[in-house]
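> Mind having a look at this structure? Questions to follow.
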Amino acid sequence: MAVSVRASVLLTTTVSSLFFPYVTMAATSDAENAALRREIAAMHREMMGEIHRLQARVDKYEHTSNLQSRKIGHAPRTLTAAGPDDVQPQFREDPVVPPANHGPRSPNDSRIALPEGPVQSWSSFKAASAKDESVDIGGIKIGFPKGRPTIASDDKAYAFSIGLLAQEDFGGFMGVGQRGKESAGNFNKFTENARRLRIYMSWRYKDWVVNVTPDFGANNSDGTVSLFEANLNYTGLHNTTLTVGYFQPRMEEDSAERSGAFEFLERPTIVDLVRNIAGGVARFSIGGEHYEKRWLVAGYFTGQKYGDRTTDKTITDSQTGAVFRAAGRPYVSKDIDVHVGVGATAAFKVNQSSTGRTTTFKDNVEVPLGETQLLTSGALTNISQIWAAGPQFGFRYKKFLLKGEYYHVGVQHDNVAASINPPAIGFDGWYVAANYTLFGHGRGYNEKIAAFTTPGVEYDFDPAKGHWGALEVSGRWSVTDLRTSGTTKMTGTVINTAGETGNKQTVWQGGLNWYPNQHIKVMLDYTHFNVSSYNGAKSTDANFFGRSGNAVVGRVQAAF
């Protein structure tokens, strides 16, 4: 800096000596020349005074800088100017990264990070990104909104982000002994299961968004790898998302909450059964949904699931179906939320394979440890169509939440001969769940998904300051009845109508969920189940006489 100041002084003096003589020569009289000389001399003295004062400041600055350098002991640095084609750094006076907000947080800002949230429009993405910390590097913004690494162009037109949902379950069963000569089944006293290990990758160009999410913890069997979604979305219409590809269309309130926000480890059995008729994870879907402040409507045409033809290579005619949902909030206030809705789904035709068009409804006891599935409808053959429909209800008062759903499932058969008209079969199921938030913000309603979402962490876990995150306690009663009189199994062209197929399952659950911050969740569930007998073969059936038992299972979850 001292060199540049000295150069400036020299340049000024030189210009003055060259320029001002020409001015004096241009004068037309001696008197004017004398006056001009006096004025120039005064200006010169004033300029030299300013130069001396500036030089004193420079000397003082250099002296201070040298002392600080000697104290710090830094090695000499050399600055090299960037070329015209190099990335130009941008310097700002304000802090680039604001301090993390550990609390207090408002109810809306305190919700748990959910990587499966609805796809944002371009305008919403820009508005949300403006609030998040980011670093500018050559017109590229790098930030971590909700802990999710995101790279975006300066105008947010191009963006890429990576999210995570990791769930690890551990626990076991008690009092599930076999009766008589029935098979023991798989009910470990202690085991582990990587339930969901999903990496959410999202690419954006303005209002066009592509999602690809592999899942390294699919299903209920530890080590199963599959695909959660791979789809293209358009969000350019007001509060509307249009989707095509492998997707999870949601017709139930409990599914709409997203798996990272569940009150319990898994959905109620009836919800799992009906959502997989024509929906479920990685189902080919084309459709969309639209929401407003007080209502939501969604509809999708669906096809086969990802991997269907790999699992069964004999499929010659893939499934088609549809999913529909409508929900609303007839009453809303600061302390009260009322939710009502209806969901419907239908498989117009199920997969045609070497065994015909068949299906079997079955599920575990709502415990995700890879245990034997006790509930079953028995094999349903010669299927023409399957459908399900039912109402949804939810009521929140301050930190208390009560909700439930009921669904009826209908199964219709094809005629196999002119003289035979197989009967239609009906199944039923429902659940009722209650929840109370002990500390933290209570569960709230998200109008973008028409469902209730997680409690809010007002303060991050910090015992030294008396902050404990958020804690909620929940209870649920779930019933699924798959009993029907008359088997649907074909013997040639005759349907055997004698006997009874299917069984009934009842599950009572209680659970605690602790949220130390917006990314970590710790769950502990106690489950008691009772499953009626199923008329199978003693040597292979684990539920010939009926089963009951208990399970205690914990889960640790991380979401970004």
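Labels used: A, B, ... for chains in the order of the structure tokens, numbers from 1 for residues in each chain, and numbers from 1 for ligands as shown.
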I'd like the contact shell of region 547-557 of chain A - 9 Å cut-off, only C-alpha atoms, skipping same-chain residues fewer than 5 positions apart - returned as a ChimeraX atom specification.

/A:165-179,189,260,265,367-369,374,519-533,542

> Just the alpha helix (DSSP H) stuff from region 167-366 of chain A, please, per backbone DSSP, written as a short mmCIF file (atom, residue, chain, number, x, y, z; two decimals) with C-alpha atoms, in the first residue's frame.


data_model
loop_
_atom_site.label_atom_id
_atom_site.label_comp_id
_atom_site.auth_asym_id
_atom_site.auth_seq_id
_atom_site.Cartn_x
_atom_site.Cartn_y
_atom_site.Cartn_z
CA GLU A 253 -53.92 -39.83 6.30
CA ASP A 254 -51.41 -42.03 8.10
CA SER A 255 -49.40 -42.57 4.91
CA ALA A 256 -49.60 -38.88 4.02
CA THR A 269 -52.14 -53.07 9.32
CA ILE A 270 -55.31 -52.01 7.50
CA VAL A 271 -53.50 -48.95 6.11
CA ASP A 272 -50.64 -51.10 4.85
CA LEU A 273 -53.03 -53.52 3.15
CA VAL A 274 -55.20 -50.96 1.33
CA ARG A 275 -52.34 -48.71 0.25
CA ASN A 276 -50.70 -51.63 -1.57
CA ILE A 277 -53.80 -52.51 -3.61
CA ALA A 278 -52.96 -49.88 -6.24
CA ASP A 308 -42.70 -56.88 -10.14
CA ARG A 309 -41.53 -58.54 -13.36
CA THR A 310 -38.14 -59.31 -11.83
CA THR A 311 -39.73 -61.06 -8.86
#

> Using only C-alpha atoms, which of A:Lys305, A:Gly180, A:Arg148, A:Asn220 sits nearest Met201 (chain A)?

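Ranked by minimum distance to Met201 (chain A), first place goes to A:Arg148.
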
> Which residues come within 8 Å of Pro516 (chain A), counting only C-alpha atoms, excluding same-chain residues fewer than 4 positions away, as a PDB file with C-alpha atoms, in the first residue's frame?


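And here's part-v8.pdb as it stands now:
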ATOM      1  CA  VAL A 457     -38.439 -28.911  18.989  1.00  0.00           C
ATOM      2  CA  ASP A 460     -32.360 -28.338  21.100  1.00  0.00           C
ATOM      3  CA  PHE A 461     -31.381 -30.845  23.761  1.00  0.00           C
ATOM      4  CA  TRP A 468     -34.809 -31.463  26.624  1.00  0.00           C
ATOM      5  CA  GLY A 469     -36.026 -31.305  23.017  1.00  0.00           C
ATOM      6  CA  ALA A 470     -39.552 -32.687  22.477  1.00  0.00           C
ATOM      7  CA  ILE A 520     -32.766 -37.098  15.406  1.00  0.00           C
ATOM      8  CA  LYS A 521     -35.677 -39.198  16.680  1.00  0.00           C
TER       9      LYS A 521
END

> List every residue of region 222-451 of chain A that DSSP, applied to the backbone of this structure, places in strand (DSSP E or B), and write the result as a PyMOL selection string.

chain A and resi 226-234+240-247+283-291+295-305+317+320-332+336-349+352-353+356+359+362-363+375-376+380+383-397+400-413+425-439+441+445-446+451

> Contacts of region 292-296 of chain A at 9 Å or less, counting only C-alpha atoms, minus same-chain residues fewer than 6 places along, as a PDB file with N, CA and C atoms, in the first residue's frame?


ATOM      1  N   ASN A 239     -49.920 -24.239  -6.321  1.00  0.00           N
ATOM      2  CA  ASN A 239     -50.153 -25.243  -5.269  1.00  0.00           C
ATOM      3  C   ASN A 239     -50.457 -26.630  -5.839  1.00  0.00           C
ATOM      4  N   ARG A 325     -57.869 -39.298  -3.327  1.00  0.00           N
ATOM      5  CA  ARG A 325     -57.992 -38.798  -1.956  1.00  0.00           C
ATOM      6  C   ARG A 325     -58.527 -37.379  -1.969  1.00  0.00           C
ATOM      7  N   ALA A 326     -59.443 -37.080  -1.033  1.00  0.00           N
ATOM      8  CA  ALA A 326     -59.937 -35.725  -0.814  1.00  0.00           C
ATOM      9  C   ALA A 326     -59.995 -35.491   0.687  1.00  0.00           C
ATOM     10  N   ALA A 327     -59.481 -34.351   1.138  1.00  0.00           N
ATOM     11  CA  ALA A 327     -59.441 -34.058   2.569  1.00  0.00           C
ATOM     12  C   ALA A 327     -59.668 -32.571   2.790  1.00  0.00           C
ATOM     13  N   GLY A 328     -60.173 -32.238   3.973  1.00  0.00           N
ATOM     14  CA  GLY A 328     -60.434 -30.840   4.287  1.00  0.00           C
ATOM     15  C   GLY A 328     -60.334 -30.558   5.773  1.00  0.00           C
ATOM     16  N   ARG A 329     -60.383 -29.271   6.111  1.00  0.00           N
ATOM     17  CA  ARG A 329     -60.337 -28.806   7.509  1.00  0.00           C
ATOM     18  C   ARG A 329     -61.579 -27.942   7.753  1.00  0.00           C
ATOM     19  N   PRO A 330     -62.672 -28.542   8.180  1.00  0.00           N
ATOM     20  CA  PRO A 330     -63.899 -27.763   8.367  1.00  0.00           C
ATOM     21  C   PRO A 330     -63.812 -26.739   9.480  1.00  0.00           C
ATOM     22  N   TYR A 331     -62.918 -26.945  10.450  1.00  0.00           N
ATOM     23  CA  TYR A 331     -62.786 -25.970  11.536  1.00  0.00           C
ATOM     24  C   TYR A 331     -61.319 -25.857  11.924  1.00  0.00           C
ATOM     25  N   VAL A 332     -60.848 -24.621  12.029  1.00  0.00           N
ATOM     26  CA  VAL A 332     -59.459 -24.349  12.392  1.00  0.00           C
ATOM     27  C   VAL A 332     -59.419 -23.150  13.326  1.00  0.00           C
ATOM     28  N   GLU A 447     -51.088 -28.310   5.763  1.00  0.00           N
ATOM     29  CA  GLU A 447     -52.102 -28.278   4.708  1.00  0.00           C
ATOM     30  C   GLU A 447     -51.564 -28.742   3.364  1.00  0.00           C
ATOM     31  N   LYS A 448     -50.234 -28.739   3.178  1.00  0.00           N
ATOM     32  CA  LYS A 448     -49.664 -29.170   1.906  1.00  0.00           C
ATOM     33  C   LYS A 448     -49.796 -30.676   1.682  1.00  0.00           C
ATOM     34  N   ILE A 449     -49.960 -31.443   2.776  1.00  0.00           N
ATOM     35  CA  ILE A 449     -50.133 -32.887   2.666  1.00  0.00           C
ATOM     36  C   ILE A 449     -51.461 -33.340   3.276  1.00  0.00           C
ATOM     37  N   ALA A 450     -52.233 -32.387   3.827  1.00  0.00           N
ATOM     38  CA  ALA A 450     -53.518 -32.691   4.469  1.00  0.00           C
ATOM     39  C   ALA A 450     -53.357 -33.791   5.511  1.00  0.00           C
TER      40      ALA A 450
END

> So how many Å separate CA of Glu39 (chain A) and CA of Leu54 (chain A), to one decimal?

22.7 Å

> Extract, using only C-alpha atoms, all DNA, RNA and protein residues at most 10 Å from Thr320 (chain A), discarding same-chain residues fewer than 5 positions from it, and format them as a list in words.

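Close residues of Thr320 (chain A): Ala278, Phe284, Ser285, Phe301, Thr302, Gly303, Gln304, Ala346, Ala347, Phe348, Lys349, Val350 and Asn351 of chain A.
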
> Output C-alpha atoms of each residue in that selection to a file, as a PDB file, in the first residue's frame.


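After the write, part.pdb holds the following:
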ATOM      1  CA  ALA A 278     -52.962 -49.878  -6.239  1.00  0.00           C
ATOM      2  CA  PHE A 284     -45.774 -46.482 -11.415  1.00  0.00           C
ATOM      3  CA  SER A 285     -48.041 -43.456 -11.173  1.00  0.00           C
ATOM      4  CA  PHE A 301     -53.581 -43.659 -12.462  1.00  0.00           C
ATOM      5  CA  THR A 302     -51.227 -46.469 -11.414  1.00  0.00           C
ATOM      6  CA  GLY A 303     -49.560 -49.552 -12.847  1.00  0.00           C
ATOM      7  CA  GLN A 304     -47.121 -52.191 -11.650  1.00  0.00           C
ATOM      8  CA  ALA A 346     -58.900 -49.854  -6.994  1.00  0.00           C
ATOM      9  CA  ALA A 347     -56.944 -52.413  -8.977  1.00  0.00           C
ATOM     10  CA  PHE A 348     -58.857 -52.650 -12.244  1.00  0.00           C
ATOM     11  CA  LYS A 349     -56.874 -55.793 -12.961  1.00  0.00           C
ATOM     12  CA  VAL A 350     -54.067 -57.447 -10.985  1.00  0.00           C
ATOM     13  CA  ASN A 351     -50.933 -58.924 -12.535  1.00  0.00           C
TER      14      ASN A 351
END

> Nearest residue to Tyr534 (chain A) out of A:Gly394, A:Gly279, A:Pro118, A:Gly378, using only C-alpha atoms?

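Residue with the minimum atom-to-atom distance to Tyr534 (chain A): A:Gly378.
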
> If you count only C-alpha atoms, which residues fall within 10 Å of Gly307 (chain A), apart from same-chain ones fewer than 5 positions away, as a PyMOL selection string?

chain A and resi 226-227+282-283+312-313

> Any chance you can output those residues with N, CA and C atoms as a PDB file, in the first residue's frame?


ATOM      1  N   SER A 226     -33.688 -51.895  -2.573  1.00  0.00           N
ATOM      2  CA  SER A 226     -34.663 -51.689  -3.628  1.00  0.00           C
ATOM      3  C   SER A 226     -34.706 -50.201  -3.982  1.00  0.00           C
ATOM      4  N   LEU A 227     -35.777 -49.806  -4.655  1.00  0.00           N
ATOM      5  CA  LEU A 227     -35.971 -48.415  -5.065  1.00  0.00           C
ATOM      6  C   LEU A 227     -37.190 -47.853  -4.353  1.00  0.00           C
ATOM      7  N   ALA A 282     -42.881 -47.101  -4.706  1.00  0.00           N
ATOM      8  CA  ALA A 282     -42.359 -47.402  -6.043  1.00  0.00           C
ATOM      9  C   ALA A 282     -43.406 -47.989  -6.967  1.00  0.00           C
ATOM     10  N   ARG A 283     -44.603 -47.418  -6.930  1.00  0.00           N
ATOM     11  CA  ARG A 283     -45.666 -47.804  -7.853  1.00  0.00           C
ATOM     12  C   ARG A 283     -45.641 -46.848  -9.046  1.00  0.00           C
ATOM     13  N   ASP A 312     -41.396 -61.914 -10.407  1.00  0.00           N
ATOM     14  CA  ASP A 312     -42.171 -62.960 -11.078  1.00  0.00           C
ATOM     15  C   ASP A 312     -42.019 -62.774 -12.588  1.00  0.00           C
ATOM     16  N   LYS A 313     -41.156 -63.568 -13.189  1.00  0.00           N
ATOM     17  CA  LYS A 313     -40.861 -63.423 -14.617  1.00  0.00           C
ATOM     18  C   LYS A 313     -41.964 -63.993 -15.505  1.00  0.00           C
TER      19      LYS A 313
END

> Applying 10 Å and only C-alpha atoms, which residues near Thr240 (chain A) remain after dropping the ones on its own chain fewer than 3 positions away? List them as a list in words.

Val119, Gln120, Ser121, Tyr234, Thr235, Gly236, Leu237, Thr243, Gly288, Glu289, His290, Tyr291, Glu292, Leu296, Val297, Ala298 and Lys448 of chain A

> Write the selection just made, keeping N, CA, C and O atoms, as a PDB file, in the first residue's frame?


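Produced file again-v1.pdb, reproduced below:
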ATOM      1  N   VAL A 119     -42.989 -31.799  -3.085  1.00  0.00           N
ATOM      2  CA  VAL A 119     -42.058 -31.120  -3.985  1.00  0.00           C
ATOM      3  C   VAL A 119     -42.392 -29.629  -4.025  1.00  0.00           C
ATOM      4  O   VAL A 119     -43.541 -29.245  -4.238  1.00  0.00           O
ATOM      5  N   GLN A 120     -41.393 -28.792  -3.809  1.00  0.00           N
ATOM      6  CA  GLN A 120     -41.608 -27.354  -3.826  1.00  0.00           C
ATOM      7  C   GLN A 120     -41.622 -26.817  -5.250  1.00  0.00           C
ATOM      8  O   GLN A 120     -40.893 -27.288  -6.115  1.00  0.00           O
ATOM      9  N   SER A 121     -42.444 -25.798  -5.477  1.00  0.00           N
ATOM     10  CA  SER A 121     -42.395 -25.077  -6.749  1.00  0.00           C
ATOM     11  C   SER A 121     -41.112 -24.252  -6.793  1.00  0.00           C
ATOM     12  O   SER A 121     -40.429 -24.071  -5.772  1.00  0.00           O
ATOM     13  N   TYR A 234     -43.724 -31.694 -12.110  1.00  0.00           N
ATOM     14  CA  TYR A 234     -43.878 -30.314 -12.586  1.00  0.00           C
ATOM     15  C   TYR A 234     -44.672 -29.535 -11.545  1.00  0.00           C
ATOM     16  O   TYR A 234     -45.764 -29.961 -11.138  1.00  0.00           O
ATOM     17  N   THR A 235     -44.132 -28.392 -11.110  1.00  0.00           N
ATOM     18  CA  THR A 235     -44.744 -27.622 -10.028  1.00  0.00           C
ATOM     19  C   THR A 235     -45.100 -26.201 -10.458  1.00  0.00           C
ATOM     20  O   THR A 235     -45.270 -25.324  -9.608  1.00  0.00           O
ATOM     21  N   GLY A 236     -45.212 -25.948 -11.758  1.00  0.00           N
ATOM     22  CA  GLY A 236     -45.454 -24.598 -12.244  1.00  0.00           C
ATOM     23  C   GLY A 236     -46.864 -24.093 -12.055  1.00  0.00           C
ATOM     24  O   GLY A 236     -47.119 -22.895 -12.223  1.00  0.00           O
ATOM     25  N   LEU A 237     -47.809 -24.953 -11.713  1.00  0.00           N
ATOM     26  CA  LEU A 237     -49.181 -24.537 -11.460  1.00  0.00           C
ATOM     27  C   LEU A 237     -49.365 -24.240  -9.974  1.00  0.00           C
ATOM     28  O   LEU A 237     -48.727 -24.866  -9.123  1.00  0.00           O
ATOM     29  N   THR A 243     -47.060 -35.504 -11.387  1.00  0.00           N
ATOM     30  CA  THR A 243     -46.002 -36.503 -11.232  1.00  0.00           C
ATOM     31  C   THR A 243     -46.180 -37.644 -12.226  1.00  0.00           C
ATOM     32  O   THR A 243     -47.305 -38.067 -12.491  1.00  0.00           O
ATOM     33  N   GLY A 288     -51.567 -36.234 -10.031  1.00  0.00           N
ATOM     34  CA  GLY A 288     -51.122 -35.064  -9.296  1.00  0.00           C
ATOM     35  C   GLY A 288     -52.027 -34.759  -8.133  1.00  0.00           C
ATOM     36  O   GLY A 288     -53.015 -35.451  -7.860  1.00  0.00           O
ATOM     37  N   GLU A 289     -51.657 -33.704  -7.403  1.00  0.00           N
ATOM     38  CA  GLU A 289     -52.458 -33.250  -6.276  1.00  0.00           C
ATOM     39  C   GLU A 289     -52.404 -31.731  -6.175  1.00  0.00           C
ATOM     40  O   GLU A 289     -51.432 -31.098  -6.593  1.00  0.00           O
ATOM     41  N   HIS A 290     -53.482 -31.184  -5.622  1.00  0.00           N
ATOM     42  CA  HIS A 290     -53.605 -29.733  -5.451  1.00  0.00           C
ATOM     43  C   HIS A 290     -54.090 -29.458  -4.033  1.00  0.00           C
ATOM     44  O   HIS A 290     -54.976 -30.148  -3.528  1.00  0.00           O
ATOM     45  N   TYR A 291     -53.512 -28.447  -3.394  1.00  0.00           N
ATOM     46  CA  TYR A 291     -53.917 -28.108  -2.033  1.00  0.00           C
ATOM     47  C   TYR A 291     -54.219 -26.619  -1.915  1.00  0.00           C
ATOM     48  O   TYR A 291     -53.703 -25.795  -2.665  1.00  0.00           O
ATOM     49  N   GLU A 292     -55.071 -26.306  -0.989  1.00  0.00           N
ATOM     50  CA  GLU A 292     -55.324 -24.943  -0.540  1.00  0.00           C
ATOM     51  C   GLU A 292     -55.221 -24.935   0.976  1.00  0.00           C
ATOM     52  O   GLU A 292     -54.914 -25.953   1.583  1.00  0.00           O
ATOM     53  N   LEU A 296     -57.511 -30.434   0.222  1.00  0.00           N
ATOM     54  CA  LEU A 296     -56.559 -31.062  -0.710  1.00  0.00           C
ATOM     55  C   LEU A 296     -57.299 -32.127  -1.507  1.00  0.00           C
ATOM     56  O   LEU A 296     -58.183 -32.822  -0.982  1.00  0.00           O
ATOM     57  N   VAL A 297     -56.942 -32.274  -2.776  1.00  0.00           N
ATOM     58  CA  VAL A 297     -57.479 -33.339  -3.614  1.00  0.00           C
ATOM     59  C   VAL A 297     -56.334 -33.938  -4.431  1.00  0.00           C
ATOM     60  O   VAL A 297     -55.446 -33.213  -4.887  1.00  0.00           O
ATOM     61  N   ALA A 298     -56.320 -35.261  -4.574  1.00  0.00           N
ATOM     62  CA  ALA A 298     -55.245 -35.947  -5.294  1.00  0.00           C
ATOM     63  C   ALA A 298     -55.816 -37.139  -6.044  1.00  0.00           C
ATOM     64  O   ALA A 298     -56.756 -37.795  -5.569  1.00  0.00           O
ATOM     65  N   LYS A 448     -50.234 -28.739   3.178  1.00  0.00           N
ATOM     66  CA  LYS A 448     -49.664 -29.170   1.906  1.00  0.00           C
ATOM     67  C   LYS A 448     -49.796 -30.676   1.682  1.00  0.00           C
ATOM     68  O   LYS A 448     -49.730 -31.147   0.553  1.00  0.00           O
TER      69      LYS A 448
END

> For a quick check of understanding, using only C-alpha atoms, which of A:Thr501, A:Thr345, A:Val432, A:Asn446 has the smallest distance to Ala379 (chain A)?

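That would be A:Thr501, the residue with the smallest distance to Ala379 (chain A).
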
> If you measure from CA of Asp414 (chain A) to CA of Ser384 (chain A), what distance in Å do you get, rounded to one decimal?

5.0 Å

> Between CA of Trp430 (chain A) and CA of Gly404 (chain A), measure the distance and give it in Å to one decimal.

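CA of Trp430 (chain A) sits 7.2 Å away from CA of Gly404 (chain A).
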
> Could you check the closest approach to Thr314 (chain A) for each of A:Arg357, A:Lys334, A:Arg476, A:His441 and tell me which residue wins, using only C-alpha atoms?

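Nearest candidate to Thr314 (chain A) out of A:Arg357, A:Lys334, A:Arg476, A:His441: A:Arg357.
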